[in-house]
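Participant: Mind having a look at this structure? Questions to follow.
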Amino acid sequence: MTRRAAHQAQARRKALRIGAGSTIAVFAAVVVFVPMAPGWPAVQRSFFNAEVLQRTFPGLLDAFVLDVMIFAWSAPAIAILGLLVAIARDLRSPAFFPIRLLATVYTDVFRGLPVILVIYLIGFGIPGLGLPRPWNSPYIWGSLALVLVYSAYVAEVIRSGIDSIHRSQRAAALSLGLGHGDTMRFVILPQALRNVLPANMNLVVALQKDVALLSFVGPVEIFRQAGVYKSLYANFTPYVGAALIFLIITIPATRYADYLLQKQRQRQG
Amino acid sequence: MNTLLTSAVALLIATTTAQAGGHGCAAGKTLTDGTLTIATGNPAYYPWVMNDAPESKEGFEAAVAYAVANEMGFDDDAVTWVRTSFDEAIQPGAKNFDVNMQQYSITPEREMMVDFSLPYYTSAMAVLTTGKVISAGAEPTLESLRGLLWGAAATTTAVPMLAEIAPNRDPMLYNDNTDVTAAIAANQIDAALFDLPTALFLSAVMVEDGALLGQFPADRSEAPDQFGMLMEEGNPLRDCVNAAITSLTDSGALAEIEATWLQSATGVPVIE
């Protein structure tokens with residue numbers, strides 16, 4: 001072992017010791033000191049009540065199926081609409097100016113509004129116009145509100161991906177005889193979408209949580225079901241149960257997004 | 001002479017202070033000595049509190065609050081109002097109220113986390129719907145009710161009761177009464193379950209073409225909906241509050257307040 005290697009090994013051991021030490025210290029502080037707080041028994045009874053969790057968890061899982069379903073039909077719609085809007089904003093021909101304007105206004109408006117406000121306005125407002133059943137269903141209009149807001153975000157992300165492709169590629173494609181549509185389809189978009197995949201994965205994670213907002217206009221999904229249990233038992237533990245169920249889904253998705261980001265960084269060197 | 005007057009005034013002040021702070025039972029048991037802090041909703045709804053102003057003593061719960069406070073020995077001036085949400089009322093830790101009054105139904109499950117006073121009102125549950133739904137053939141029978149599309153406010157005891165009705169389609173749940181009425185207006189639900197006074201108010205004022213299809217009688221054998229004042233668990237004030245409510249019930253004062261502020265609902269058909 002060279003002196004340099006010995007020094008590096010020693011530095012690594014030191015880093016490991018410090019890391020382990022500080023980790024143990026932080027955990028010990030949480031596990032030992034938090035329960036020493038005078039209000040801990042009350043907090044434990046209200047938020048970490050094993051009996052309440054046991055009684056409500058199956059109901060929460062049942063309600064979570066609805067969240068998964070809302071996600072399943074919203075996500076593809078968001079991907080399609082987001083892509084269309086991004087392409088619309090990139091149209092170069094002067095004849096398309098109205099479409100470009102519309103797409104710009106759309107992204108500005110829906111990125112600027114709180115999701116919950118849009119869900120209220122569209123979820124109660126449009127059915128209030130007098131649509132017959134089943135076309136006034138809160139599932140339809142609540143989902144549409146989610147799709148509109150998230151598509152605006154996705155469109156902006158994709159547009160940034162399109163902008164990240166150097167102009168010379170467009171010029172090169174045109175000089176090879178490709179039209180504007182083919183240039184976009186075969187040259188720009190494949191690279192652009194790949195570049196923004198990590199950013200879009202973040203939006204996927206965010207959407208997984210925001211589907212719960214649909215409960216404001218009626219559907220009884222997990223967040224609402226937890227609220228019902230909270231009210232019945234005068235206890236917040238069902239919210240903690242719902243949080244656990246969300247984490248089981250969102251943590252792997254978040255890790256995957258990180259992994260993609262890292263892979264992209266390696267690829268770009 | 002001057003000294004005598006001063007000491008007389010001092011004595012008088014001392015006596016009144018002693019009176020304000022020392023009414024037997026409740027002495028030293030309230031948040032602030034000498035005042036009773038009562039919480040209501042934000043906003044507080046008609047007919048429980050009129051015009052969202054409990055200090056006016058107008059509305060059923062506002063009137064009951066002052067009656068109970070007086071019975072416990074607090075003057076009207078010694079009553080302070082604060083506002084809380086449902087969640088603030090049940091969160092662990094120090095509370096900012098002595099008692100909380102916003103149509104809390106007493107249930108054994110809630111009783112495990114917080115304390116309730118004796119009931120000050122027993123409510124029938126009523127079915128709020130629209131004239132359109134009734135003319136489409138809805139009737140006050142369980143059979144007919146099961147076929148309707150239901151809604152309710154999520155934090156109310158209407159939710160477990162809906163589960164008992166067992167409607168054919170899953171009910172929709174909303175944050176508050178306003179959202180439920182919005183859903184009725186948008187024709188997203190046929191009917192909603194409320195306590196009778198709230199249902200009467202909503203059908204008369206908030207819902208266009210609103211109507212009451214029927215009521216589940218207040219004295220139904222299993223799980224009647226009784227409103228109690230909510231207190232922090234183990235609050236020593238509870239016995240005083242209970243004594244006040246008992247004496248108001250026995251003297252008939254409570255029934256009188258009920259007759260003043262809550263409409264009688266004899267015209268609403270009873271659902272068997």
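Every chain in the structure tokens has a letter given in the order shown (A, B, ...), and although residue numbers restart at 1 in each chain, ligands are simply numbered from 1 in the order shown.
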As a PyMOL selection string, please: every residue in region 122-236 of chain A that DSSP puts in helix (DSSP H, G or I).
Facilitator: chain A and resi 122-125+127-129+138-164+167-175+180-195+197-217+222-233
Participant: Could those residues be written to a file, using C-alpha atoms, as a PDB file, in the first residue's frame?
Facilitator:
ATOM      1  CA  ILE A 122     -64.387  23.466 -13.008  1.00  0.00           C
ATOM      2  CA  GLY A 123     -65.668  20.714 -10.702  1.00  0.00           C
ATOM      3  CA  PHE A 124     -68.673  22.661  -9.446  1.00  0.00           C
ATOM      4  CA  GLY A 125     -68.917  25.441 -12.029  1.00  0.00           C
ATOM      5  CA  PRO A 127     -71.701  20.934 -14.050  1.00  0.00           C
ATOM      6  CA  GLY A 128     -73.706  23.847 -12.598  1.00  0.00           C
ATOM      7  CA  LEU A 129     -74.395  25.013 -16.140  1.00  0.00           C
ATOM      8  CA  PRO A 138     -67.259  15.317 -10.478  1.00  0.00           C
ATOM      9  CA  TYR A 139     -64.939  12.538 -11.640  1.00  0.00           C
ATOM     10  CA  ILE A 140     -64.978  13.906 -15.187  1.00  0.00           C
ATOM     11  CA  TRP A 141     -64.670  17.603 -14.394  1.00  0.00           C
ATOM     12  CA  GLY A 142     -62.374  17.214 -11.413  1.00  0.00           C
ATOM     13  CA  SER A 143     -60.023  15.078 -13.510  1.00  0.00           C
ATOM     14  CA  LEU A 144     -60.226  17.611 -16.331  1.00  0.00           C
ATOM     15  CA  ALA A 145     -59.132  20.334 -13.908  1.00  0.00           C
ATOM     16  CA  LEU A 146     -56.120  18.242 -12.877  1.00  0.00           C
ATOM     17  CA  VAL A 147     -55.305  17.530 -16.523  1.00  0.00           C
ATOM     18  CA  LEU A 148     -55.501  21.210 -17.470  1.00  0.00           C
ATOM     19  CA  VAL A 149     -53.186  22.353 -14.687  1.00  0.00           C
ATOM     20  CA  TYR A 150     -50.653  19.582 -15.024  1.00  0.00           C
ATOM     21  CA  SER A 151     -50.582  19.780 -18.829  1.00  0.00           C
ATOM     22  CA  ALA A 152     -49.531  23.403 -18.509  1.00  0.00           C
ATOM     23  CA  TYR A 153     -46.573  22.359 -16.356  1.00  0.00           C
ATOM     24  CA  VAL A 154     -45.674  19.454 -18.616  1.00  0.00           C
ATOM     25  CA  ALA A 155     -45.909  21.688 -21.711  1.00  0.00           C
ATOM     26  CA  GLU A 156     -43.436  24.138 -20.198  1.00  0.00           C
ATOM     27  CA  VAL A 157     -41.054  21.319 -19.288  1.00  0.00           C
ATOM     28  CA  ILE A 158     -41.225  19.859 -22.803  1.00  0.00           C
ATOM     29  CA  ARG A 159     -40.777  23.301 -24.339  1.00  0.00           C
ATOM     30  CA  SER A 160     -37.616  23.787 -22.299  1.00  0.00           C
ATOM     31  CA  GLY A 161     -36.470  20.422 -23.663  1.00  0.00           C
ATOM     32  CA  ILE A 162     -37.179  21.558 -27.230  1.00  0.00           C
ATOM     33  CA  ASP A 163     -35.278  24.777 -26.597  1.00  0.00           C
ATOM     34  CA  SER A 164     -32.343  22.798 -25.241  1.00  0.00           C
ATOM     35  CA  ARG A 167     -30.565  25.286 -33.491  1.00  0.00           C
ATOM     36  CA  SER A 168     -27.943  23.756 -35.752  1.00  0.00           C
ATOM     37  CA  GLN A 169     -29.797  20.431 -35.519  1.00  0.00           C
ATOM     38  CA  ARG A 170     -32.915  22.026 -36.914  1.00  0.00           C
ATOM     39  CA  ALA A 171     -30.901  23.629 -39.684  1.00  0.00           C
ATOM     40  CA  ALA A 172     -29.159  20.359 -40.429  1.00  0.00           C
ATOM     41  CA  ALA A 173     -32.444  18.465 -40.598  1.00  0.00           C
ATOM     42  CA  LEU A 174     -33.936  21.078 -42.919  1.00  0.00           C
ATOM     43  CA  SER A 175     -30.876  20.940 -45.145  1.00  0.00           C
ATOM     44  CA  HIS A 180     -40.830  21.155 -40.212  1.00  0.00           C
ATOM     45  CA  GLY A 181     -43.106  18.381 -38.994  1.00  0.00           C
ATOM     46  CA  ASP A 182     -40.617  15.606 -39.675  1.00  0.00           C
ATOM     47  CA  THR A 183     -37.788  17.646 -38.125  1.00  0.00           C
ATOM     48  CA  MET A 184     -39.826  17.959 -34.951  1.00  0.00           C
ATOM     49  CA  ARG A 185     -40.911  14.355 -34.971  1.00  0.00           C
ATOM     50  CA  PHE A 186     -37.677  12.564 -35.859  1.00  0.00           C
ATOM     51  CA  VAL A 187     -34.926  14.941 -34.753  1.00  0.00           C
ATOM     52  CA  ILE A 188     -35.999  17.397 -32.041  1.00  0.00           C
ATOM     53  CA  LEU A 189     -38.611  15.593 -29.947  1.00  0.00           C
ATOM     54  CA  PRO A 190     -36.774  12.287 -29.370  1.00  0.00           C
ATOM     55  CA  GLN A 191     -33.823  14.192 -27.903  1.00  0.00           C
ATOM     56  CA  ALA A 192     -35.911  16.803 -26.129  1.00  0.00           C
ATOM     57  CA  LEU A 193     -38.189  14.303 -24.384  1.00  0.00           C
ATOM     58  CA  ARG A 194     -35.220  12.296 -23.240  1.00  0.00           C
ATOM     59  CA  ASN A 195     -33.602  15.391 -21.772  1.00  0.00           C
ATOM     60  CA  LEU A 197     -37.630  12.873 -18.566  1.00  0.00           C
ATOM     61  CA  PRO A 198     -36.326  13.447 -15.016  1.00  0.00           C
ATOM     62  CA  ALA A 199     -38.180  16.753 -14.741  1.00  0.00           C
ATOM     63  CA  ASN A 200     -41.373  15.071 -15.908  1.00  0.00           C
ATOM     64  CA  MET A 201     -40.862  12.252 -13.401  1.00  0.00           C
ATOM     65  CA  ASN A 202     -40.986  14.900 -10.678  1.00  0.00           C
ATOM     66  CA  LEU A 203     -44.350  16.012 -12.032  1.00  0.00           C
ATOM     67  CA  VAL A 204     -45.524  12.392 -11.992  1.00  0.00           C
ATOM     68  CA  VAL A 205     -44.649  12.187  -8.300  1.00  0.00           C
ATOM     69  CA  ALA A 206     -46.452  15.462  -7.629  1.00  0.00           C
ATOM     70  CA  LEU A 207     -49.525  14.264  -9.556  1.00  0.00           C
ATOM     71  CA  GLN A 208     -49.667  11.083  -7.469  1.00  0.00           C
ATOM     72  CA  LYS A 209     -50.281  13.265  -4.434  1.00  0.00           C
ATOM     73  CA  ASP A 210     -52.473  15.902  -6.044  1.00  0.00           C
ATOM     74  CA  VAL A 211     -55.102  13.383  -7.181  1.00  0.00           C
ATOM     75  CA  ALA A 212     -56.254  13.606  -3.558  1.00  0.00           C
ATOM     76  CA  LEU A 213     -57.472  17.156  -4.273  1.00  0.00           C
ATOM     77  CA  LEU A 214     -60.353  15.709  -6.286  1.00  0.00           C
ATOM     78  CA  SER A 215     -61.956  14.896  -2.940  1.00  0.00           C
ATOM     79  CA  PHE A 216     -62.919  18.583  -2.643  1.00  0.00           C
ATOM     80  CA  VAL A 217     -65.664  18.106  -5.227  1.00  0.00           C
ATOM     81  CA  ILE A 222     -58.084   8.160   0.620  1.00  0.00           C
ATOM     82  CA  PHE A 223     -57.602  11.716   1.893  1.00  0.00           C
ATOM     83  CA  ARG A 224     -61.345  12.217   2.304  1.00  0.00           C
ATOM     84  CA  GLN A 225     -61.786   8.791   3.846  1.00  0.00           C
ATOM     85  CA  ALA A 226     -59.033   9.644   6.343  1.00  0.00           C
ATOM     86  CA  GLY A 227     -60.880  12.885   7.120  1.00  0.00           C
ATOM     87  CA  VAL A 228     -64.074  10.954   7.774  1.00  0.00           C
ATOM     88  CA  TYR A 229     -62.273   8.616  10.155  1.00  0.00           C
ATOM     89  CA  LYS A 230     -60.589  11.593  11.797  1.00  0.00           C
ATOM     90  CA  SER A 231     -63.972  13.088  12.488  1.00  0.00           C
ATOM     91  CA  LEU A 232     -65.506   9.818  13.714  1.00  0.00           C
ATOM     92  CA  TYR A 233     -62.660   8.969  16.087  1.00  0.00           C
TER      93      TYR A 233
END
Participant: Write out as CSV the residues of chain B that have any atom within 8 Å of an atom of chain A, one row each with the nearest atom pair and its distance in Å to one decimal, counting only C-alpha atoms, sorted by chain and then rising number.
Facilitator:
residue,atom,partner,partner_atom,distance
B:Ile90,CA,A:Ala234,CA,6.0
B:Gln91,CA,A:Ser46,CA,7.2
B:Pro92,CA,A:Ala42,CA,5.5
B:Gly93,CA,A:Gly39,CA,6.3
B:Thr107,CA,A:Leu232,CA,7.9
B:Glu109,CA,A:Tyr233,CA,5.0
B:Arg110,CA,A:Tyr233,CA,4.9
B:Met112,CA,A:Tyr233,CA,8.0
B:Met113,CA,A:Ala234,CA,6.2
B:Val114,CA,A:Ala234,CA,7.6
B:Gly151,CA,A:Gly218,CA,7.8
B:Ala154,CA,A:Val228,CA,5.5
B:Thr155,CA,A:Ser231,CA,5.2
B:Thr156,CA,A:Ser231,CA,7.2
B:Thr157,CA,A:Leu232,CA,7.3
B:Val159,CA,A:Val228,CA,7.6
B:Pro171,CA,A:Val220,CA,7.9
B:Met172,CA,A:Gly218,CA,4.5
B:Leu173,CA,A:Gly218,CA,4.9
B:Tyr174,CA,A:Gly218,CA,5.5
B:Asn175,CA,A:Phe216,CA,6.6
B:Asp179,CA,A:Val217,CA,7.6
B:Ala182,CA,A:Phe124,CA,6.7
B:Ala183,CA,A:Phe124,CA,6.7
B:Ala185,CA,A:Gly128,CA,6.4
B:Ala186,CA,A:Gly128,CA,3.9
B:Asn187,CA,A:Gly128,CA,7.2
B:Gln188,CA,A:Ser137,CA,6.3
Participant: Could the residues in this selection be written to a file with N, CA and C atoms, as a CSV table (one decimal), in the first residue's frame?
Facilitator:
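selection-v9.csv, written as the output of this step:
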chain,number,residue,atom,x,y,z
B,90,ILE,N,-59.9,19.1,18.3
B,90,ILE,CA,-59.5,17.8,18.8
B,90,ILE,C,-58.0,17.6,18.8
B,91,GLN,N,-57.2,18.6,18.4
B,91,GLN,CA,-55.7,18.4,18.3
B,91,GLN,C,-55.2,18.3,19.8
B,92,PRO,N,-54.1,17.5,19.9
B,92,PRO,CA,-53.6,17.4,21.3
B,92,PRO,C,-52.9,18.7,21.7
B,93,GLY,N,-52.7,18.9,23.0
B,93,GLY,CA,-52.0,20.1,23.5
B,93,GLY,C,-53.0,21.1,24.1
B,107,THR,N,-70.3,10.9,20.5
B,107,THR,CA,-70.1,9.4,20.1
B,107,THR,C,-69.1,8.8,21.0
B,109,GLU,N,-66.7,6.9,20.3
B,109,GLU,CA,-65.3,6.9,19.7
B,109,GLU,C,-64.7,8.3,20.0
B,110,ARG,N,-65.5,9.4,19.8
B,110,ARG,CA,-64.9,10.7,20.1
B,110,ARG,C,-64.7,10.8,21.6
B,112,MET,N,-63.4,8.9,23.6
B,112,MET,CA,-62.2,8.4,24.0
B,112,MET,C,-61.0,9.4,23.9
B,113,MET,N,-61.2,10.5,23.1
B,113,MET,CA,-60.2,11.4,22.8
B,113,MET,C,-60.5,12.8,23.5
B,114,VAL,N,-61.7,13.1,23.6
B,114,VAL,CA,-62.1,14.4,24.2
B,114,VAL,C,-63.2,14.2,25.2
B,151,GLY,N,-75.1,12.8,-0.8
B,151,GLY,CA,-74.0,13.6,-0.4
B,151,GLY,C,-74.1,13.9,1.1
B,154,ALA,N,-68.3,15.9,5.2
B,154,ALA,CA,-67.5,14.7,5.6
B,154,ALA,C,-67.3,14.7,7.1
B,155,THR,N,-67.3,15.8,7.8
B,155,THR,CA,-67.0,15.7,9.3
B,155,THR,C,-68.2,15.5,10.1
B,156,THR,N,-69.3,15.2,9.6
B,156,THR,CA,-70.5,15.1,10.4
B,156,THR,C,-70.9,13.6,10.6
B,157,THR,N,-71.8,13.4,11.6
B,157,THR,CA,-72.2,12.0,11.9
B,157,THR,C,-73.2,11.6,10.9
B,159,VAL,N,-72.3,10.8,8.0
B,159,VAL,CA,-71.6,9.8,7.2
B,159,VAL,C,-71.8,8.4,7.7
B,171,PRO,N,-71.8,7.3,-1.7
B,171,PRO,CA,-72.1,8.7,-1.5
B,171,PRO,C,-70.9,9.6,-1.8
B,172,MET,N,-71.1,10.9,-2.1
B,172,MET,CA,-70.1,11.9,-2.3
B,172,MET,C,-70.0,12.7,-1.0
B,173,LEU,N,-68.7,13.0,-0.6
B,173,LEU,CA,-68.5,13.8,0.6
B,173,LEU,C,-67.9,15.1,0.4
B,174,TYR,N,-68.2,16.1,1.2
B,174,TYR,CA,-67.7,17.4,0.9
B,174,TYR,C,-67.2,18.1,2.2
B,175,ASN,N,-66.4,19.2,2.0
B,175,ASN,CA,-65.8,19.8,3.1
B,175,ASN,C,-66.8,20.5,4.1
B,179,ASP,N,-70.4,23.5,0.2
B,179,ASP,CA,-70.0,22.6,-0.9
B,179,ASP,C,-71.1,21.6,-1.2
B,182,ALA,N,-73.7,23.3,-3.2
B,182,ALA,CA,-73.2,23.5,-4.5
B,182,ALA,C,-73.4,22.3,-5.4
B,183,ALA,N,-73.1,21.1,-4.8
B,183,ALA,CA,-73.2,19.8,-5.5
B,183,ALA,C,-74.7,19.6,-5.8
B,185,ALA,N,-76.9,21.9,-6.3
B,185,ALA,CA,-77.3,22.9,-7.3
B,185,ALA,C,-76.8,22.4,-8.7
B,186,ALA,N,-75.6,21.7,-8.7
B,186,ALA,CA,-75.0,21.3,-9.9
B,186,ALA,C,-75.6,19.9,-10.3
B,187,ASN,N,-76.6,19.5,-9.6
B,187,ASN,CA,-77.3,18.2,-9.9
B,187,ASN,C,-76.3,17.0,-9.8
B,188,GLN,N,-75.3,17.2,-9.0
B,188,GLN,CA,-74.3,16.0,-8.9
B,188,GLN,C,-74.8,15.0,-7.9
Participant: Measure the distance from CA of Glu233 (chain B) to CA of Glu61 (chain B) in Å and round it to one decimal.
Facilitator: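 Separating CA of Glu233 (chain B) from CA of Glu61 (chain B) is a distance of 21.6 Å.
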Participant: Looking at A:Thr237, A:Ser74, A:Thr23, A:Gln10, which one is nearest to Leu53 (chain A), with distances taken over only C-alpha atoms?
Facilitator: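 Closest candidate: A:Thr237.
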Participant: What's the separation between CA of Arg238 (chain B) and CA of Thr37 (chain B), in Å to one decimal place?
Facilitator: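 About the pair CA of Arg238 (chain B) and CA of Thr37 (chain B): they are 13.6 Å apart.
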Participant: Between B:Leu36, B:Val99, B:Ala152, B:Cys25, which is the closest to Ala78 (chain B) once you count only C-alpha atoms?
Facilitator: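 So, comparing all the options, the nearest one is B:Leu36.
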Participant: I need the residues in region 13-178 of chain B that are strand (DSSP E) according to DSSP; give them as a VMD selection string.
Facilitator: chain B and resid 36 to 40 79 to 83 99 to 100 115 to 116 121 to 123 125 to 130 150 to 153 172 to 174
Participant: Mind dumping the selected residues with N, CA and C atoms as a short mmCIF file (atom, residue, chain, number, x, y, z; two decimals), in the first residue's frame?
Facilitator:
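Result went into again.cif, see below:
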data_model
loop_
_atom_site.label_atom_id
_atom_site.label_comp_id
_atom_site.auth_asym_id
_atom_site.auth_seq_id
_atom_site.Cartn_x
_atom_site.Cartn_y
_atom_site.Cartn_z
N LEU B 36 -65.34 32.88 31.04
CA LEU B 36 -65.57 31.60 30.41
C LEU B 36 -65.30 31.79 28.92
N THR B 37 -64.33 31.06 28.39
CA THR B 37 -64.00 31.20 26.97
C THR B 37 -64.71 30.10 26.20
N ILE B 38 -65.58 30.52 25.28
CA ILE B 38 -66.37 29.56 24.51
C ILE B 38 -65.97 29.65 23.05
N ALA B 39 -65.80 28.50 22.41
CA ALA B 39 -65.42 28.48 21.00
C ALA B 39 -66.64 28.14 20.15
N THR B 40 -66.68 28.75 18.97
CA THR B 40 -67.71 28.38 18.00
C THR B 40 -67.04 28.22 16.64
N VAL B 79 -68.14 36.40 29.39
CA VAL B 79 -68.07 35.36 28.36
C VAL B 79 -67.23 35.87 27.19
N THR B 80 -66.18 35.13 26.83
CA THR B 80 -65.35 35.50 25.69
C THR B 80 -65.54 34.45 24.60
N TRP B 81 -65.57 34.92 23.33
CA TRP B 81 -65.74 33.98 22.22
C TRP B 81 -64.45 33.84 21.44
N VAL B 82 -64.14 32.63 21.05
CA VAL B 82 -63.04 32.39 20.11
C VAL B 82 -63.60 31.50 19.00
N ARG B 83 -62.80 31.35 17.92
CA ARG B 83 -63.25 30.52 16.78
C ARG B 83 -62.27 29.37 16.60
N VAL B 99 -64.90 25.66 26.67
CA VAL B 99 -65.83 24.73 26.04
C VAL B 99 -66.01 25.13 24.58
N ASN B 100 -66.33 24.15 23.74
CA ASN B 100 -66.46 24.37 22.31
C ASN B 100 -67.84 23.90 21.85
N ASP B 115 -63.58 15.24 25.94
CA ASP B 115 -64.71 15.13 26.85
C ASP B 115 -65.91 15.89 26.30
N PHE B 116 -67.10 15.35 26.56
CA PHE B 116 -68.32 16.05 26.18
C PHE B 116 -69.14 16.36 27.43
N TYR B 121 -78.89 19.31 23.13
CA TYR B 121 -79.89 19.23 22.06
C TYR B 121 -79.86 17.84 21.46
N THR B 122 -81.02 17.29 21.16
CA THR B 122 -81.08 16.01 20.47
C THR B 122 -81.69 16.27 19.11
N SER B 123 -80.94 15.91 18.09
CA SER B 123 -81.35 16.30 16.74
C SER B 123 -81.90 15.13 15.94
N MET B 125 -82.29 13.67 12.14
CA MET B 125 -81.56 13.84 10.90
C MET B 125 -82.60 13.98 9.79
N ALA B 126 -82.32 14.86 8.84
CA ALA B 126 -83.31 15.09 7.79
C ALA B 126 -82.68 14.96 6.41
N VAL B 127 -83.50 14.61 5.46
CA VAL B 127 -83.05 14.42 4.08
C VAL B 127 -83.35 15.68 3.28
N LEU B 128 -82.29 16.38 2.89
CA LEU B 128 -82.44 17.58 2.08
C LEU B 128 -82.35 17.19 0.61
N THR B 129 -83.35 17.65 -0.15
CA THR B 129 -83.32 17.36 -1.58
C THR B 129 -83.99 18.50 -2.32
N THR B 130 -84.33 18.29 -3.59
CA THR B 130 -84.98 19.36 -4.34
C THR B 130 -86.36 18.89 -4.80
N TRP B 150 -76.30 10.13 -3.02
CA TRP B 150 -76.21 10.86 -1.76
C TRP B 150 -74.98 11.71 -1.62
N GLY B 151 -75.12 12.76 -0.78
CA GLY B 151 -73.97 13.56 -0.39
C GLY B 151 -74.08 13.91 1.08
N ALA B 152 -72.97 14.34 1.67
CA ALA B 152 -72.98 14.79 3.05
C ALA B 152 -71.70 15.56 3.32
N ALA B 153 -71.71 16.35 4.40
CA ALA B 153 -70.48 17.00 4.84
C ALA B 153 -69.64 15.96 5.58
N MET B 172 -71.14 10.90 -2.11
CA MET B 172 -70.10 11.90 -2.29
C MET B 172 -69.96 12.66 -0.97
N LEU B 173 -68.74 13.01 -0.61
CA LEU B 173 -68.55 13.75 0.64
C LEU B 173 -67.85 15.08 0.36
N TYR B 174 -68.22 16.10 1.16
CA TYR B 174 -67.72 17.45 0.91
C TYR B 174 -67.17 18.08 2.18
#
Participant: Between CA of Ser117 (chain B) and CA of Met231 (chain B), what is the distance, to one decimal in Å?
Facilitator: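 Going from CA of Ser117 (chain B) over to CA of Met231 (chain B), I get 7.7 Å.
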